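Raw contents of entry.tsv, TSV, C-alpha atoms:
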chain	number	residue	atom	x	y	z
A	552	LEU	CA	95.25	74.81	92.59
A	553	ASP	CA	93.87	76.13	89.29
A	554	LEU	CA	96.98	74.96	87.43
A	555	ILE	CA	96.98	71.57	89.16
A	556	GLU	CA	93.35	70.94	88.24
A	557	ARG	CA	93.93	71.97	84.63
A	558	ASP	CA	97.05	69.80	84.38
A	559	ARG	CA	95.28	66.75	85.82
A	560	ASN	CA	92.52	67.26	83.27
A	561	GLY	CA	95.07	67.00	80.49
A	562	GLU	CA	95.19	70.69	79.57
A	563	ASP	CA	98.41	72.23	78.25
A	564	ILE	CA	99.18	74.73	81.00
A	565	ARG	CA	102.56	76.04	79.82
A	566	GLU	CA	101.29	79.47	78.79
A	567	LYS	CA	99.16	79.75	81.89
A	568	VAL	CA	102.16	78.89	84.08
A	569	VAL	CA	104.02	81.87	82.63
A	570	ALA	CA	101.00	84.14	83.16
A	571	HIS	CA	100.47	82.91	86.72
A	572	ASN	CA	104.15	83.43	87.54
A	573	GLN	CA	104.05	86.98	86.21
A	574	LEU	CA	100.91	87.73	88.19
A	575	TYR	CA	102.47	86.30	91.35
A	576	LEU	CA	105.52	88.53	90.92
A	577	VAL	CA	103.35	91.62	90.44
A	578	LEU	CA	101.32	90.85	93.56
A	579	SER	CA	104.51	90.20	95.50
A	580	GLU	CA	105.90	93.56	94.43
A	581	ILE	CA	102.68	95.32	95.43
A	582	TRP	CA	103.20	94.19	99.01
A	583	LEU	CA	106.98	94.34	99.15
A	584	VAL	CA	106.98	98.07	98.35
A	585	ALA	CA	104.62	98.65	101.28
A	586	TYR	CA	107.34	97.42	103.66
A	587	GLU	CA	110.73	97.92	102.02
A	588	GLU	CA	112.49	100.98	103.48
A	589	GLN	CA	109.29	101.96	105.29
A	590	PHE	CA	110.15	101.18	108.91
A	591	GLN	CA	111.55	104.69	109.32
A	592	LEU	CA	108.01	106.01	108.92
A	593	MET	CA	106.73	104.34	112.07
A	594	GLY	CA	108.05	107.16	114.25
A	595	ASN	CA	106.27	109.81	112.19
A	596	PRO	CA	102.62	109.93	113.33
A	597	GLN	CA	101.27	112.05	110.51
A	598	VAL	CA	102.93	110.10	107.71
A	599	MET	CA	102.26	106.71	109.30
A	600	VAL	CA	98.56	107.32	109.79
A	601	ALA	CA	98.26	108.28	106.12
A	602	LYS	CA	100.24	105.20	105.14
A	603	VAL	CA	98.04	102.85	107.19
A	604	VAL	CA	94.94	104.34	105.59
A	605	TRP	CA	96.45	104.11	102.10
A	606	ASP	CA	97.63	100.51	102.58
A	607	THR	CA	94.17	99.52	103.77
A	608	ILE	CA	92.48	101.14	100.78
A	609	MET	CA	94.94	99.47	98.44
A	610	TYR	CA	94.50	96.05	100.00
A	611	TRP	CA	90.72	96.04	100.06
A	612	SER	CA	90.20	97.68	96.68
A	613	VAL	CA	92.70	95.64	94.63
A	614	PRO	CA	94.03	92.23	95.78
A	615	GLY	CA	91.27	91.72	98.34
A	616	LEU	CA	88.51	92.37	95.82
A	617	LEU	CA	90.10	90.11	93.20
A	618	PHE	CA	90.97	87.31	95.62
A	619	PHE	CA	87.58	87.01	97.28
A	620	HIS	CA	85.94	86.88	93.86
A	621	GLY	CA	88.32	84.14	92.66
A	622	LYS	CA	89.51	86.40	89.88
A	623	PHE	CA	93.24	85.76	89.88
A	624	PRO	CA	93.15	82.51	87.84
A	625	ARG	CA	90.93	84.26	85.28
A	626	LEU	CA	92.57	87.66	85.23
A	627	GLY	CA	94.19	86.96	81.86
A	628	ASP	CA	90.71	86.68	80.38
A	629	SER	CA	89.97	90.30	81.34
A	630	PRO	CA	92.55	92.56	79.63
A	631	GLY	CA	90.95	95.66	81.12
A	632	SER	CA	91.28	94.39	84.68
A	633	LEU	CA	94.82	93.21	84.03
A	634	ALA	CA	95.71	96.69	82.81
A	635	ASN	CA	94.04	98.20	85.88
A	636	LEU	CA	96.13	95.96	88.13
A	637	PHE	CA	99.27	97.42	86.58
A	638	ARG	CA	97.83	100.93	86.97
A	639	ALA	CA	97.24	100.28	90.64
A	640	TRP	CA	100.74	98.84	91.08
A	641	LYS	CA	102.31	101.91	89.47
A	642	VAL	CA	100.38	104.33	91.68
A	643	HIS	CA	100.92	102.28	94.83
A	644	SER	CA	104.67	102.10	94.27
A	645	ARG	CA	104.92	105.85	93.77
A	646	VAL	CA	102.83	106.60	96.85
A	647	GLN	CA	105.11	104.46	99.00
A	648	GLN	CA	108.09	106.46	97.76
A	649	PHE	CA	106.14	109.65	98.38
A	650	PHE	CA	105.70	108.70	102.03
A	651	ARG	CA	109.48	108.48	102.44
A	652	GLU	CA	109.98	111.81	100.72
A	653	TRP	CA	107.32	113.44	102.89
A	654	HIS	CA	108.87	112.00	106.03
A	655	ALA	CA	112.28	113.39	105.02
A	656	VAL	CA	110.99	116.98	105.04
A	657	ASP	CA	108.42	116.79	107.86
A	658	ASP	CA	109.18	114.63	110.87
A	659	ARG	CA	107.54	116.72	113.59
A	660	PRO	CA	106.09	115.05	116.68
A	661	ALA	CA	102.36	115.06	117.32
A	662	GLU	CA	100.98	115.49	120.83
A	663	GLY	CA	97.47	115.54	122.19
A	664	VAL	CA	95.86	114.06	119.09
A	665	PHE	CA	94.35	110.67	118.31
A	666	ALA	CA	93.51	109.54	114.79
A	667	ASP	CA	91.60	106.34	114.16
A	668	PRO	CA	92.64	105.34	110.62
A	669	TYR	CA	89.49	103.32	110.04
A	670	THR	CA	87.04	106.14	110.74
A	671	LEU	CA	88.78	108.95	108.86
A	672	LEU	CA	87.32	107.78	105.53
A	673	PRO	CA	83.80	106.28	105.64
A	674	PHE	CA	84.11	104.67	102.20
A	675	ILE	CA	86.71	102.25	103.61
A	676	VAL	CA	83.78	100.30	105.06
A	677	ASP	CA	82.28	99.99	101.57
A	678	LEU	CA	85.57	98.67	100.21
A	679	HIS	CA	85.72	96.11	103.00
A	680	GLU	CA	82.20	94.88	102.42
A	681	GLY	CA	82.70	94.99	98.66
A	682	MET	CA	85.34	92.28	98.79
A	683	ALA	CA	82.58	89.74	99.45
A	684	ALA	CA	79.91	91.29	97.24
A	685	GLY	CA	79.66	88.21	94.99
A	686	LEU	CA	79.84	90.18	91.75
A	687	GLU	CA	79.58	88.60	88.32
A	688	ASP	CA	82.63	89.02	86.11
A	689	ASP	CA	81.36	92.05	84.20
A	690	GLU	CA	80.29	93.74	87.42
A	691	LEU	CA	83.59	92.84	89.04
A	692	ASP	CA	85.62	94.33	86.19
A	693	ALA	CA	83.58	97.54	86.40
A	694	GLN	CA	83.96	97.74	90.19
A	695	PHE	CA	87.68	97.10	89.96
A	696	ALA	CA	88.02	99.93	87.44
A	697	ARG	CA	86.16	102.25	89.82
A	698	ASN	CA	88.43	101.18	92.65
A	699	VAL	CA	91.54	102.01	90.66
A	700	GLU	CA	90.08	105.41	89.79
A	701	LEU	CA	89.48	105.93	93.51
A	702	LEU	CA	93.11	105.03	94.22
A	703	GLU	CA	94.26	107.62	91.72
A	704	GLN	CA	92.01	110.26	93.25
A	705	VAL	CA	93.15	109.49	96.78
A	706	ALA	CA	96.81	109.50	95.72
A	707	GLY	CA	96.29	112.86	94.05
A	708	GLN	CA	94.62	114.20	97.18
A	709	LEU	CA	97.56	113.03	99.26
A	710	VAL	CA	100.06	114.92	97.12
A	711	THR	CA	97.90	118.03	96.85
A	712	THR	CA	97.20	118.17	100.59
A	713	VAL	CA	100.80	117.58	101.64
A	714	VAL	CA	102.05	120.29	99.27
A	715	GLU	CA	99.50	122.77	100.61
A	716	ARG	CA	100.30	121.93	104.23
A	717	LEU	CA	104.07	122.10	103.81
A	718	ARG	CA	103.84	125.50	102.16
A	719	GLU	CA	102.06	126.81	105.24
A	720	VAL	CA	105.10	125.91	107.35
A	721	PRO	CA	108.03	127.54	105.48
A	722	GLU	CA	110.50	126.82	108.27
A	723	LEU	CA	110.45	123.17	107.19
A	724	ASP	CA	112.47	124.17	104.11
A	725	ALA	CA	110.56	121.77	101.86
A	726	GLU	CA	110.30	123.92	98.74
A	727	ALA	CA	112.88	121.96	96.75
A	728	GLN	CA	110.98	118.73	97.38
A	729	ILE	CA	107.68	120.41	96.59
A	730	GLU	CA	108.99	121.65	93.25
A	731	ALA	CA	110.26	118.16	92.44
A	732	TRP	CA	106.81	116.73	93.16
A	733	LEU	CA	105.04	119.36	91.10
A	734	SER	CA	107.29	118.78	88.11
A	735	GLU	CA	106.86	115.00	88.06
A	736	ARG	CA	104.52	113.71	85.38
A	737	LEU	CA	102.87	110.88	87.32
A	738	LEU	CA	102.18	113.02	90.37
A	739	THR	CA	100.82	115.77	88.11
A	740	GLU	CA	98.43	113.24	86.55
A	741	LEU	CA	97.31	112.06	89.97
A	742	ARG	CA	96.71	115.60	91.20
A	743	ALA	CA	94.66	116.22	88.06
A	744	ALA	CA	92.63	113.07	88.73
A	745	HIS	CA	91.90	114.33	92.23
A	746	GLU	CA	90.83	117.71	90.90
A	747	ARG	CA	88.53	116.17	88.27
A	748	ARG	CA	86.75	113.84	90.64
A	749	ARG	CA	86.58	115.81	93.85
A	750	GLY	CA	83.36	117.59	92.81
A	751	ASP	CA	81.40	114.37	92.33
A	752	ASN	CA	83.23	112.42	95.01
A	753	PRO	CA	84.52	114.75	97.75
A	754	ILE	CA	86.91	113.11	100.21
A	755	ASP	CA	87.87	114.63	103.54
A	756	ASP	CA	91.61	115.23	103.73
A	757	ALA	CA	91.63	114.48	107.47
A	758	TRP	CA	93.36	111.15	106.75
A	759	VAL	CA	96.41	113.14	105.62
A	760	THR	CA	96.35	115.65	108.49
A	761	LEU	CA	95.86	113.45	111.55
A	762	GLY	CA	92.18	114.30	111.60
A	763	ARG	CA	92.88	118.02	111.93
A	764	GLN	CA	91.83	120.75	109.59
A	765	SER	CA	94.92	122.77	110.47
A	766	PRO	CA	98.20	121.61	108.93
A	767	SER	CA	100.40	123.12	111.59
A	768	MET	CA	99.97	120.32	114.15
A	769	ALA	CA	100.32	123.07	116.72
Please express what this file holds, its structure, as structure tokens.
Amino acid sequence: LDLIERDRNGEDIREKVVAHNQLYLVLSEIWLVAYEEQFQLMGNPQVMVAKVVWDTIMYWSVPGLLFFHGKFPRLGDSPGSLANLFRAWKVHSRVQQFFREWHAVDDRPAEGVFADPYTLLPFIVDLHEGMAAGLEDDELDAQFARNVELLEQVAGQLVTTVVERLREVPELDAEAQIEAWLSERLLTELRAAHERRRGDNPIDDAWVTLGRQSPSMA
């Protein structure tokens, strides 16, 4: 609609067409990676609960926030927010792969436990309401940056918590995968982001552990 209106007003939209196409492809990829090769996770309660929570956080803090504020047609005018979109895409893609890797080393059943994904993290409500906060552009850019920092912290918490929990169950034979995670640069950066921010913004790891403090699922 933005391009149609500009074209009808006589504006040269060729550069904007390229930018809009690129943005569309990025947004498509953000959601494709949430589903591609992920159906295997649906039978794994612990991994799937974490994935549902993560996907919700991602949706409400990135595309939802930008869409409801009409930011997409103007995203090229905010280099910082454009860069943050690519940051979020990079983290989101790696987390989706992480879920598959986690599932491959820990596919235990869960009995006698119920986890409501939408109550495990209270700040999810703030993200939901924030999509319709009616922020001005400067405020929106600042909020979006905070949201991406939150994504990085939550991703780092996911990796840190899963590593700690797997090490408490040595019979799972996950050490090779753990070492691969710990040696990867991006995951190391995310774990560091979690460590830096957890003091000022503590987040309960119950969303990773089916609401339980114990990792054993016993």
Spatial neighbours of stretch 633-638 of chain A, 8 Å, only C-alpha atoms, chain gap at least 6 places, as a PDB file with C-alpha atoms, in the frame of the given file:
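Listing of around09.pdb after writing:
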ATOM      1  CA  VAL A 613      92.700  95.640  94.630  1.00  0.00           C
ATOM      2  CA  LEU A 626      92.570  87.660  85.230  1.00  0.00           C
ATOM      3  CA  GLY A 627      94.190  86.960  81.860  1.00  0.00           C
ATOM      4  CA  PHE A 695      87.680  97.100  89.960  1.00  0.00           C
ATOM      5  CA  ALA A 696      88.020  99.930  87.440  1.00  0.00           C
ATOM      6  CA  VAL A 699      91.540 102.010  90.660  1.00  0.00           C
TER       7      VAL A 699
END
So how many Å separate atom CA of A:Leu616 and atom CA of A:Gly681, to one decimal?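 One can read the atom CA of A:Leu616 to atom CA of A:Gly681 distance as 7.0 Å.
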Given all atoms listed in the file as the basis, pick out the residue of A:Asp677, A:Glu562, A:Glu740, A:Glu730 nearest to A:Glu700. A:Glu740
What's the separation between atom CA of A:Asp755 and atom CA of A:Trp611, in Å to one decimal place?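 Result for atom CA of A:Asp755 versus atom CA of A:Trp611: 19.1 Å, one decimal.
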At what distance in Å, to one decimal, does atom CA of A:Val642 lie from atom CA of A:Ile729?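 Between atom CA of A:Ile729 and atom CA of A:Val642 the gap is 18.3 Å.
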Distance criterion (all atoms listed in the file): nearest to A:Gln573 out of A:Pro596, A:Pro673, A:Pro721, A:Pro624: A:Pro624
Pick from A:Val598, A:Leu617, A:Leu686, A:Val603: nearest to A:Asp658, with all atoms listed in the file counted?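 That would be A:Val598, the residue with the smallest distance to A:Asp658.
Closest to A:Thr607 among A:His679, A:His620, A:Arg749, A:His654 is A:His679, based on all atoms listed in the file.
Using all atoms listed in the file, the contacts of A:Leu574 at a cut-off of 9 Å, with sequence neighbours closer than 5 positions omitted, comprise A:Val569, A:Ser579, A:Phe623, A:Leu626.
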Scan for residues within 12 Å of the point (95.9, 109.6, 120.7) in the coordinates of the file, using all atoms listed in the file, and reply as a list in words.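 I get Pro596, Gln597, Val600, Ala661, Glu662, Gly663, Val664, Phe665, Ala666, Asp667, Pro668, Leu761 and Gly762 of chain A for the residues within 12 Å of that point.
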Can you pull out the residues contacting A:His571? Cut-off 12 Å, using only C-alpha atoms, and skip same-chain residues under 3 positions away; I want them as a list of chain:residue names.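 Residues meeting the cut-off are A:Leu552, A:Asp553, A:Leu554, A:Ile564, A:Arg565, A:Glu566, A:Lys567, A:Val568, A:Leu574, A:Tyr575, A:Leu576, A:Val577, A:Leu578, A:Lys622, A:Phe623, A:Pro624, A:Arg625, A:Leu626, A:Gly627.
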With 10 Å as the cut-off and only C-alpha atoms counted, what is the closest atom pair between each nearby residue of stretch 565-673 of chain A and stretch 732-737 of chain A? Distances in Å to one decimal, ordered by chain and number, as a Markdown table.
| residue | atom | partner | partner_atom | distance |
| --- | --- | --- | --- | --- |
| A:Lys641 | CA | A:Leu737 | CA | 9.2 |
| A:Val642 | CA | A:Leu737 | CA | 8.3 |
| A:Arg645 | CA | A:Leu737 | CA | 8.4 |
| A:Phe649 | CA | A:Trp732 | CA | 8.8 |
| A:Glu652 | CA | A:Trp732 | CA | 9.6 |
For A:Trp640, the nearest of the candidates A:Glu719, A:Glu746, A:Asp724, A:Glu580, counting only C-alpha atoms: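 Closest to A:Trp640, using only C-alpha atoms: A:Glu580.
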Go through A:Asn752, A:Thr739, A:Gln704, A:Thr711 one by one, measure the shortest atom-to-atom distance of each to A:Trp605 using all atoms listed in the file, and give the residue with the smallest value.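 For A:Trp605, the nearest of the given residues is A:Gln704.
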Could you list, as an NGL selection string, every residue within 12 Å of A:Asp657, counting all atoms listed in the file and ignoring same-chain residues fewer than 4 positions away? :A and (592 or 594-599 or 650-653 or 661 or 713-714 or 716-718 or 720-726 or 728-729 or 766-768)
Fewer than 2 positions away in the same chain doesn't count, so skip those; otherwise give me all residues within 10 Å of A:Glu703, counting all atoms listed in the file, as a list of chain:residue names. A:Arg638, A:Ala639, A:Val642, A:His643, A:Arg697, A:Asn698, A:Val699, A:Glu700, A:Leu701, A:Val705, A:Ala706, A:Gly707, A:Gln708, A:Leu709, A:Leu738, A:Glu740, A:Leu741, A:Arg742, A:Ala743, A:Ala744, A:His745, A:Arg748
